[in-house]
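> Shown below is the structure under consideration.
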Amino acid sequence: MKAHNTDRAVDDTARTIAIVIYDGCEILDATAPVEVFEMANRILSDQGAPAGYRMVLVAEQAGHVATSSGVRLVADHRFGSADGIDTLIVAGSPDEPLYRAVANETLVGYLRDFGPRVRRLVSVCAGAFILAEAGMLDGRRATTHWMDAERLAQEYPSIRVEPDAIFVRDGSIATSAGVTAGLDLALALVEEDFGKRLALAVARRLVMYLKRPGGQTQFSTHLRNQMVNGGSLSAALTWLESNFRRKISVVDLAERACMSPRNFARTFLRETHTTPARYIEQLRLEHAVRLLEDTTQPLAVIAAECGFASTEQLRRAFHRNFGIGPAEYRERF
């Protein structure tokens with residue numbers, strides 16, 4: 001499998017996207033962003049415009065590279081031999097291949113030397129660890145797969161890890177969460193280059209549910225609920241699914257779980273990886289998102305329906321979590 005462009009028109013304005021691959025990398029971390037950029041090319045071609053992107057795979061040596069699934073990719077260039085790279089994307093990998101990649105001085109040295117030269121430096125999933133080892137994330141905000149976020153923060157304490165974000169942009173460097181979040185980040189890059197209309201057209205062609213803003217949480221409250229296997233929190237979480245519109249306190253929830261408020265708060269954080277207040281806000285936001293996408297109800301009605309005290313509180317929650325307001329969210333999606 002090789003990243004190549006078809007015979008459609010490509011001119012000197014096309015941006016070269018280079019995907020860094022290595023033995024054991026995740027195949028979707030490498031190929032999912034390629035599909036986004038290639039779909040953008042197809043849509044531009046349909047409009048009579050030249051391709052916007054040129055995709056290449058780069059590795060320690062040109063030729064076949066085995067991914068973690070066993071499927072082989074074909075690197076077009078060895079490190080340092082590809083010219084004119086606009087955006088450099090580093091794929092992630094499972095633990096054992098990742099340990100080898102982080103210890104690979106040729107790979108890390110290439111990113112250390114070449115990373116500052118490109119317009120955008122990007123990682124998908126655990127690729128953030130390789131950027132971190134190269135020193136590219138020092139003093140920056142970053143994210144990775146939620147299961148690896150704590151380890152990233154511990155091993156590289158100079159990084160301000162945001163464990164819940166789908167992707168994080170900090171200057172010219174962008175990091176994303178696991179696998180499919182690479183699609184969201186790639187769409188954001190297409191929007192940056194060619195505007196919102198093309199990015200949304202790509203999302204529709206790829207049958208993506210929506211183009212998620214980077215600050216959106218990596219997993220829903222329903223998934224968090226499923227992660228709690230029985231136990232004393234189950235009754236409280238199930239009750240919240242139907243009662244999140246009410247004014248709810250930790251004391252109320254603790255009583256349902258037959259715990260003291262202090263013990264409940266500690267147990268809740270340990271089991272769900274978030275606080276009760278944050279969990280309730282996410283439930284309300286998820287319901288608000290559905291209403292914004294599926295109805296024409298005014299914001300004031302949506303705010304009340306979802307348990308927010310006012311339209312302003314709804315707006316603040318949207319900006320805090322998604323980086324945009326509810327009106328702009330409705331316009332986009």
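Please note that chains go A, B, ... in the order of the structure tokens, that every chain numbers its residues from 1, and that ligands are numbered from 1 in the order shown.
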To test your reading of the structure, identify every residue in region 157-205 of chain A that backbone DSSP assigns to helix (DSSP H, G or I), and report it as a VMD selection string.
chain A and resid 181 to 194 196 to 205
> Tell me, as a list in words, which residues lie within 8 Å of region 119-124 of chain A, counting only C-alpha atoms; anything in the same chain fewer than 2 positions away does not count.
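Using only C-alpha atoms, the neighbours found are Asp29, Asp86, Thr87, Leu88, Ile89, Val90, Ala91, Gly92, Gly115, Pro116, Arg117, Ala126, Gly127, Ala128, Leu131, Thr144, Ser172, Ile173, Ala174, Thr175, Ser176, Ala177, Gly178, Val179, Ala181 and Gly182 of chain A.
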> Output all heavy atoms for every residue in that selection, as a short mmCIF file (atom, residue, chain, number, x, y, z; two decimals), in the first residue's frame.

```cif
data_model
loop_
_atom_site.label_atom_id
_atom_site.label_comp_id
_atom_site.auth_asym_id
_atom_site.auth_seq_id
_atom_site.Cartn_x
_atom_site.Cartn_y
_atom_site.Cartn_z
N ASP A 29 -3.54 5.08 11.76
CA ASP A 29 -2.90 6.36 12.11
C ASP A 29 -2.24 6.97 10.88
O ASP A 29 -2.17 8.20 10.74
CB ASP A 29 -1.86 6.16 13.20
CG ASP A 29 -2.47 5.91 14.57
OD1 ASP A 29 -3.71 5.86 14.66
OD2 ASP A 29 -1.72 5.75 15.54
N ASP A 86 5.23 20.34 3.58
CA ASP A 86 4.44 21.38 4.25
C ASP A 86 4.01 20.92 5.63
O ASP A 86 4.15 21.64 6.61
CB ASP A 86 3.21 21.70 3.41
CG ASP A 86 2.26 22.66 4.10
OD1 ASP A 86 2.47 23.88 4.00
OD2 ASP A 86 1.29 22.19 4.75
N THR A 87 3.48 19.69 5.69
CA THR A 87 2.94 19.14 6.94
C THR A 87 3.52 17.75 7.16
O THR A 87 3.44 16.90 6.28
CB THR A 87 1.41 19.07 6.89
OG1 THR A 87 0.88 20.39 6.64
CG2 THR A 87 0.84 18.52 8.19
N LEU A 88 4.07 17.53 8.33
CA LEU A 88 4.68 16.24 8.68
C LEU A 88 3.83 15.59 9.77
O LEU A 88 3.62 16.18 10.83
CB LEU A 88 6.11 16.47 9.18
CG LEU A 88 7.02 15.25 9.35
CD1 LEU A 88 7.26 14.57 8.02
CD2 LEU A 88 8.35 15.69 9.97
N ILE A 89 3.32 14.39 9.48
CA ILE A 89 2.42 13.69 10.40
C ILE A 89 3.08 12.41 10.89
O ILE A 89 3.50 11.58 10.09
CB ILE A 89 1.08 13.36 9.71
CG1 ILE A 89 0.41 14.64 9.22
CG2 ILE A 89 0.16 12.59 10.66
CD1 ILE A 89 -0.90 14.41 8.47
N VAL A 90 3.15 12.24 12.21
CA VAL A 90 3.78 11.07 12.82
C VAL A 90 2.70 10.11 13.30
O VAL A 90 1.87 10.47 14.14
CB VAL A 90 4.68 11.47 14.00
CG1 VAL A 90 5.39 10.25 14.57
CG2 VAL A 90 5.70 12.52 13.56
N ALA A 91 2.70 8.89 12.77
CA ALA A 91 1.73 7.88 13.17
C ALA A 91 2.09 7.33 14.56
O ALA A 91 3.25 7.36 14.98
CB ALA A 91 1.71 6.74 12.15
N GLY A 92 1.08 6.81 15.25
CA GLY A 92 1.30 6.17 16.53
C GLY A 92 1.45 4.67 16.37
O GLY A 92 1.50 4.15 15.25
N GLY A 115 11.59 18.74 12.15
CA GLY A 115 10.31 19.25 12.63
C GLY A 115 10.19 20.76 12.61
O GLY A 115 9.17 21.30 12.16
N PRO A 116 11.20 21.50 13.07
CA PRO A 116 11.08 22.96 13.08
C PRO A 116 11.05 23.58 11.69
O PRO A 116 10.71 24.76 11.54
CB PRO A 116 12.35 23.41 13.82
CG PRO A 116 12.75 22.23 14.64
CD PRO A 116 12.39 21.04 13.80
N ARG A 117 11.36 22.83 10.64
CA ARG A 117 11.42 23.39 9.29
C ARG A 117 10.08 23.37 8.57
O ARG A 117 9.89 24.08 7.58
CB ARG A 117 12.44 22.62 8.44
CG ARG A 117 13.83 22.53 9.02
CD ARG A 117 14.74 21.78 8.06
NE ARG A 117 15.95 21.28 8.71
CZ ARG A 117 16.86 20.53 8.12
NH1 ARG A 117 16.69 20.19 6.84
NH2 ARG A 117 17.92 20.12 8.78
N ALA A 126 -0.52 7.78 19.80
CA ALA A 126 0.72 7.67 20.56
C ALA A 126 1.92 8.24 19.83
O ALA A 126 3.02 8.26 20.39
CB ALA A 126 0.98 6.20 20.91
N GLY A 127 1.74 8.73 18.62
CA GLY A 127 2.82 9.44 17.95
C GLY A 127 3.31 10.64 18.75
O GLY A 127 4.43 11.12 18.56
N ALA A 128 2.47 11.11 19.69
CA ALA A 128 2.86 12.22 20.55
C ALA A 128 4.10 11.87 21.38
O ALA A 128 4.91 12.75 21.70
CB ALA A 128 1.71 12.61 21.47
N LEU A 131 7.15 12.61 19.25
CA LEU A 131 7.39 14.05 19.21
C LEU A 131 7.94 14.53 20.54
O LEU A 131 8.84 15.38 20.58
CB LEU A 131 6.09 14.80 18.90
CG LEU A 131 5.52 14.72 17.48
CD1 LEU A 131 4.33 15.67 17.34
CD2 LEU A 131 6.58 15.04 16.44
N THR A 144 -3.10 12.85 23.58
CA THR A 144 -2.87 11.54 22.99
C THR A 144 -4.08 10.69 23.36
O THR A 144 -5.07 11.21 23.91
CB THR A 144 -1.55 10.92 23.49
OG1 THR A 144 -1.28 9.71 22.76
CG2 THR A 144 -1.60 10.62 24.97
N SER A 172 2.39 25.80 15.71
CA SER A 172 2.52 25.02 14.47
C SER A 172 2.43 23.52 14.71
O SER A 172 2.54 22.73 13.77
CB SER A 172 3.86 25.34 13.81
OG SER A 172 4.94 24.96 14.65
N ILE A 173 2.25 23.11 15.97
CA ILE A 173 2.23 21.68 16.30
C ILE A 173 0.83 21.27 16.75
O ILE A 173 0.17 21.97 17.52
CB ILE A 173 3.25 21.37 17.41
CG1 ILE A 173 4.67 21.69 16.89
CG2 ILE A 173 3.17 19.91 17.83
CD1 ILE A 173 5.77 21.40 17.88
N ALA A 174 0.39 20.12 16.22
CA ALA A 174 -0.93 19.59 16.57
C ALA A 174 -0.79 18.13 16.96
O ALA A 174 -0.05 17.38 16.34
CB ALA A 174 -1.89 19.74 15.39
N THR A 175 -1.52 17.73 17.99
CA THR A 175 -1.53 16.34 18.44
C THR A 175 -2.98 15.89 18.53
O THR A 175 -3.87 16.68 18.84
CB THR A 175 -0.86 16.19 19.81
OG1 THR A 175 -1.44 17.14 20.73
CG2 THR A 175 0.64 16.46 19.71
N SER A 176 -3.22 14.60 18.27
CA SER A 176 -4.59 14.11 18.31
C SER A 176 -4.69 12.88 19.19
O SER A 176 -3.69 12.24 19.51
CB SER A 176 -5.09 13.78 16.90
OG SER A 176 -4.60 12.53 16.46
N ALA A 177 -5.92 12.55 19.54
CA ALA A 177 -6.20 11.34 20.31
C ALA A 177 -6.12 10.13 19.39
O ALA A 177 -5.57 10.19 18.30
CB ALA A 177 -7.56 11.47 20.97
N GLY A 178 -6.72 9.01 19.84
CA GLY A 178 -6.53 7.75 19.14
C GLY A 178 -7.21 7.64 17.79
O GLY A 178 -8.34 8.07 17.60
N VAL A 179 -6.53 7.08 16.84
CA VAL A 179 -6.98 6.58 15.55
C VAL A 179 -7.95 7.52 14.84
O VAL A 179 -7.54 8.35 14.05
CB VAL A 179 -7.59 5.16 15.69
CG1 VAL A 179 -7.88 4.56 14.33
CG2 VAL A 179 -6.62 4.24 16.45
N ALA A 181 -9.57 10.04 15.75
CA ALA A 181 -9.36 11.47 16.01
C ALA A 181 -8.40 12.06 14.98
O ALA A 181 -8.42 13.27 14.74
CB ALA A 181 -8.82 11.68 17.41
N GLY A 182 -7.56 11.21 14.36
CA GLY A 182 -6.71 11.70 13.28
C GLY A 182 -7.52 12.22 12.11
O GLY A 182 -7.09 13.13 11.40
#
```
> Residues near Leu291 (chain A), anyone? I mean within 12 Å using only C-alpha atoms, not counting same-chain ones fewer than 2 positions away, as JSON, numbers by chain.
{"A": [284, 285, 286, 287, 288, 289, 293, 294, 295, 296, 297, 298, 299, 300, 301, 302, 303, 304, 305, 306, 326, 327, 329, 330, 333]}
> Go ahead and save the residues from that selection, with N, CA and C atoms, as a PDB file, in the first residue's frame.

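The result, written out as out-v4.pdb:
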```pdb
ATOM      1  N   ARG A 284     -25.555  17.079  29.725  1.00  0.00           N
ATOM      2  CA  ARG A 284     -26.378  18.188  29.221  1.00  0.00           C
ATOM      3  C   ARG A 284     -25.904  18.650  27.851  1.00  0.00           C
ATOM      4  N   LEU A 285     -24.588  18.701  27.655  1.00  0.00           N
ATOM      5  CA  LEU A 285     -24.051  19.121  26.364  1.00  0.00           C
ATOM      6  C   LEU A 285     -24.386  18.120  25.264  1.00  0.00           C
ATOM      7  N   GLU A 286     -24.290  16.833  25.568  1.00  0.00           N
ATOM      8  CA  GLU A 286     -24.606  15.820  24.557  1.00  0.00           C
ATOM      9  C   GLU A 286     -26.060  15.934  24.116  1.00  0.00           C
ATOM     10  N   HIS A 287     -26.960  16.196  25.073  1.00  0.00           N
ATOM     11  CA  HIS A 287     -28.369  16.385  24.713  1.00  0.00           C
ATOM     12  C   HIS A 287     -28.544  17.674  23.915  1.00  0.00           C
ATOM     13  N   ALA A 288     -27.840  18.733  24.300  1.00  0.00           N
ATOM     14  CA  ALA A 288     -27.924  19.998  23.573  1.00  0.00           C
ATOM     15  C   ALA A 288     -27.431  19.842  22.135  1.00  0.00           C
ATOM     16  N   VAL A 289     -26.364  19.077  21.949  1.00  0.00           N
ATOM     17  CA  VAL A 289     -25.839  18.833  20.602  1.00  0.00           C
ATOM     18  C   VAL A 289     -26.903  18.170  19.735  1.00  0.00           C
ATOM     19  N   GLU A 293     -28.584  19.871  16.347  1.00  0.00           N
ATOM     20  CA  GLU A 293     -28.439  19.219  15.041  1.00  0.00           C
ATOM     21  C   GLU A 293     -29.783  18.818  14.443  1.00  0.00           C
ATOM     22  N   ASP A 294     -30.754  18.438  15.295  1.00  0.00           N
ATOM     23  CA  ASP A 294     -31.975  17.815  14.797  1.00  0.00           C
ATOM     24  C   ASP A 294     -33.218  18.691  14.873  1.00  0.00           C
ATOM     25  N   THR A 295     -33.147  19.847  15.550  1.00  0.00           N
ATOM     26  CA  THR A 295     -34.326  20.698  15.691  1.00  0.00           C
ATOM     27  C   THR A 295     -33.981  22.147  15.355  1.00  0.00           C
ATOM     28  N   THR A 296     -35.026  22.959  15.284  1.00  0.00           N
ATOM     29  CA  THR A 296     -34.842  24.410  15.076  1.00  0.00           C
ATOM     30  C   THR A 296     -35.234  25.179  16.337  1.00  0.00           C
ATOM     31  N   GLN A 297     -35.276  24.499  17.465  1.00  0.00           N
ATOM     32  CA  GLN A 297     -35.673  25.153  18.710  1.00  0.00           C
ATOM     33  C   GLN A 297     -34.728  26.305  19.042  1.00  0.00           C
ATOM     34  N   PRO A 298     -35.243  27.402  19.596  1.00  0.00           N
ATOM     35  CA  PRO A 298     -34.377  28.516  20.015  1.00  0.00           C
ATOM     36  C   PRO A 298     -33.406  28.075  21.104  1.00  0.00           C
ATOM     37  N   LEU A 299     -32.299  28.810  21.224  1.00  0.00           N
ATOM     38  CA  LEU A 299     -31.287  28.461  22.211  1.00  0.00           C
ATOM     39  C   LEU A 299     -31.846  28.492  23.631  1.00  0.00           C
ATOM     40  N   ALA A 300     -32.737  29.430  23.919  1.00  0.00           N
ATOM     41  CA  ALA A 300     -33.300  29.521  25.268  1.00  0.00           C
ATOM     42  C   ALA A 300     -34.082  28.251  25.622  1.00  0.00           C
ATOM     43  N   VAL A 301     -34.815  27.727  24.645  1.00  0.00           N
ATOM     44  CA  VAL A 301     -35.590  26.503  24.881  1.00  0.00           C
ATOM     45  C   VAL A 301     -34.649  25.318  25.075  1.00  0.00           C
ATOM     46  N   ILE A 302     -33.601  25.251  24.254  1.00  0.00           N
ATOM     47  CA  ILE A 302     -32.633  24.161  24.364  1.00  0.00           C
ATOM     48  C   ILE A 302     -31.920  24.212  25.711  1.00  0.00           C
ATOM     49  N   ALA A 303     -31.539  25.415  26.133  1.00  0.00           N
ATOM     50  CA  ALA A 303     -30.858  25.555  27.423  1.00  0.00           C
ATOM     51  C   ALA A 303     -31.725  25.013  28.547  1.00  0.00           C
ATOM     52  N   ALA A 304     -33.002  25.389  28.555  1.00  0.00           N
ATOM     53  CA  ALA A 304     -33.910  24.936  29.605  1.00  0.00           C
ATOM     54  C   ALA A 304     -34.142  23.429  29.518  1.00  0.00           C
ATOM     55  N   GLU A 305     -34.309  22.917  28.294  1.00  0.00           N
ATOM     56  CA  GLU A 305     -34.561  21.489  28.081  1.00  0.00           C
ATOM     57  C   GLU A 305     -33.394  20.640  28.562  1.00  0.00           C
ATOM     58  N   CYS A 306     -32.179  21.196  28.520  1.00  0.00           N
ATOM     59  CA  CYS A 306     -30.986  20.417  28.866  1.00  0.00           C
ATOM     60  C   CYS A 306     -30.519  20.637  30.295  1.00  0.00           C
ATOM     61  N   PRO A 326     -22.967  27.710  20.779  1.00  0.00           N
ATOM     62  CA  PRO A 326     -24.008  26.825  20.261  1.00  0.00           C
ATOM     63  C   PRO A 326     -24.569  27.272  18.913  1.00  0.00           C
ATOM     64  N   ALA A 327     -24.658  28.576  18.687  1.00  0.00           N
ATOM     65  CA  ALA A 327     -25.176  29.063  17.396  1.00  0.00           C
ATOM     66  C   ALA A 327     -24.234  28.686  16.265  1.00  0.00           C
ATOM     67  N   TYR A 329     -22.105  26.206  16.344  1.00  0.00           N
ATOM     68  CA  TYR A 329     -22.175  24.747  16.232  1.00  0.00           C
ATOM     69  C   TYR A 329     -23.331  24.341  15.338  1.00  0.00           C
ATOM     70  N   ARG A 330     -24.506  24.947  15.563  1.00  0.00           N
ATOM     71  CA  ARG A 330     -25.679  24.624  14.734  1.00  0.00           C
ATOM     72  C   ARG A 330     -25.423  24.984  13.282  1.00  0.00           C
ATOM     73  N   PHE A 333     -23.112  22.207  11.770  1.00  0.00           N
ATOM     74  CA  PHE A 333     -23.478  20.791  11.740  1.00  0.00           C
ATOM     75  C   PHE A 333     -24.953  20.545  11.456  1.00  0.00           C
TER      76      PHE A 333
END
```
> Let's see if you can do this: from backbone DSSP, list all strand (DSSP E) residues in region 9-235 of chain A, as a ChimeraX atom specification.
/A:10-20,51-59,63-66,72-75,77-78,85-90,120-123,141-142,160-161,167-170,173-176
> Could you give me, as a list in words, the residues within 12 Å of Lys247 (chain A), counting only C-alpha atoms and dropping anything in the same chain fewer than 6 positions from it?
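In the requested format, the answer is Leu240, Leu253, Ala277, Ile280, Glu281, Arg284, Ala304, Cys306, Gly307, Phe308 and Ala309 of chain A.
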> Take the selection from the previous step and output its residues with N, CA and C atoms, as a compact mmCIF listing (two decimals), in the first residue's frame.

```txt
# COMPACT_ATOMS: atom_id res chain seq x y z
N LEU A 240 -28.91 9.42 36.60
CA LEU A 240 -28.50 10.66 35.94
C LEU A 240 -28.90 10.70 34.47
N LEU A 253 -26.42 12.80 44.80
CA LEU A 253 -25.88 11.60 44.15
C LEU A 253 -25.28 10.64 45.18
N ALA A 277 -19.61 17.07 38.60
CA ALA A 277 -20.07 18.29 37.92
C ALA A 277 -19.74 18.23 36.43
N ILE A 280 -22.08 15.70 34.66
CA ILE A 280 -23.43 16.24 34.45
C ILE A 280 -23.41 17.25 33.30
N GLU A 281 -22.39 18.09 33.27
CA GLU A 281 -22.29 19.06 32.17
C GLU A 281 -22.18 18.34 30.83
N ARG A 284 -25.56 17.08 29.72
CA ARG A 284 -26.38 18.19 29.22
C ARG A 284 -25.90 18.65 27.85
N ALA A 304 -33.00 25.39 28.55
CA ALA A 304 -33.91 24.94 29.61
C ALA A 304 -34.14 23.43 29.52
N CYS A 306 -32.18 21.20 28.52
CA CYS A 306 -30.99 20.42 28.87
C CYS A 306 -30.52 20.64 30.30
N GLY A 307 -31.20 21.50 31.04
CA GLY A 307 -30.84 21.69 32.44
C GLY A 307 -29.91 22.84 32.71
N PHE A 308 -29.62 23.67 31.69
CA PHE A 308 -28.79 24.85 31.92
C PHE A 308 -29.66 25.97 32.49
N ALA A 309 -29.08 26.74 33.40
CA ALA A 309 -29.85 27.79 34.08
C ALA A 309 -30.24 28.92 33.14
```
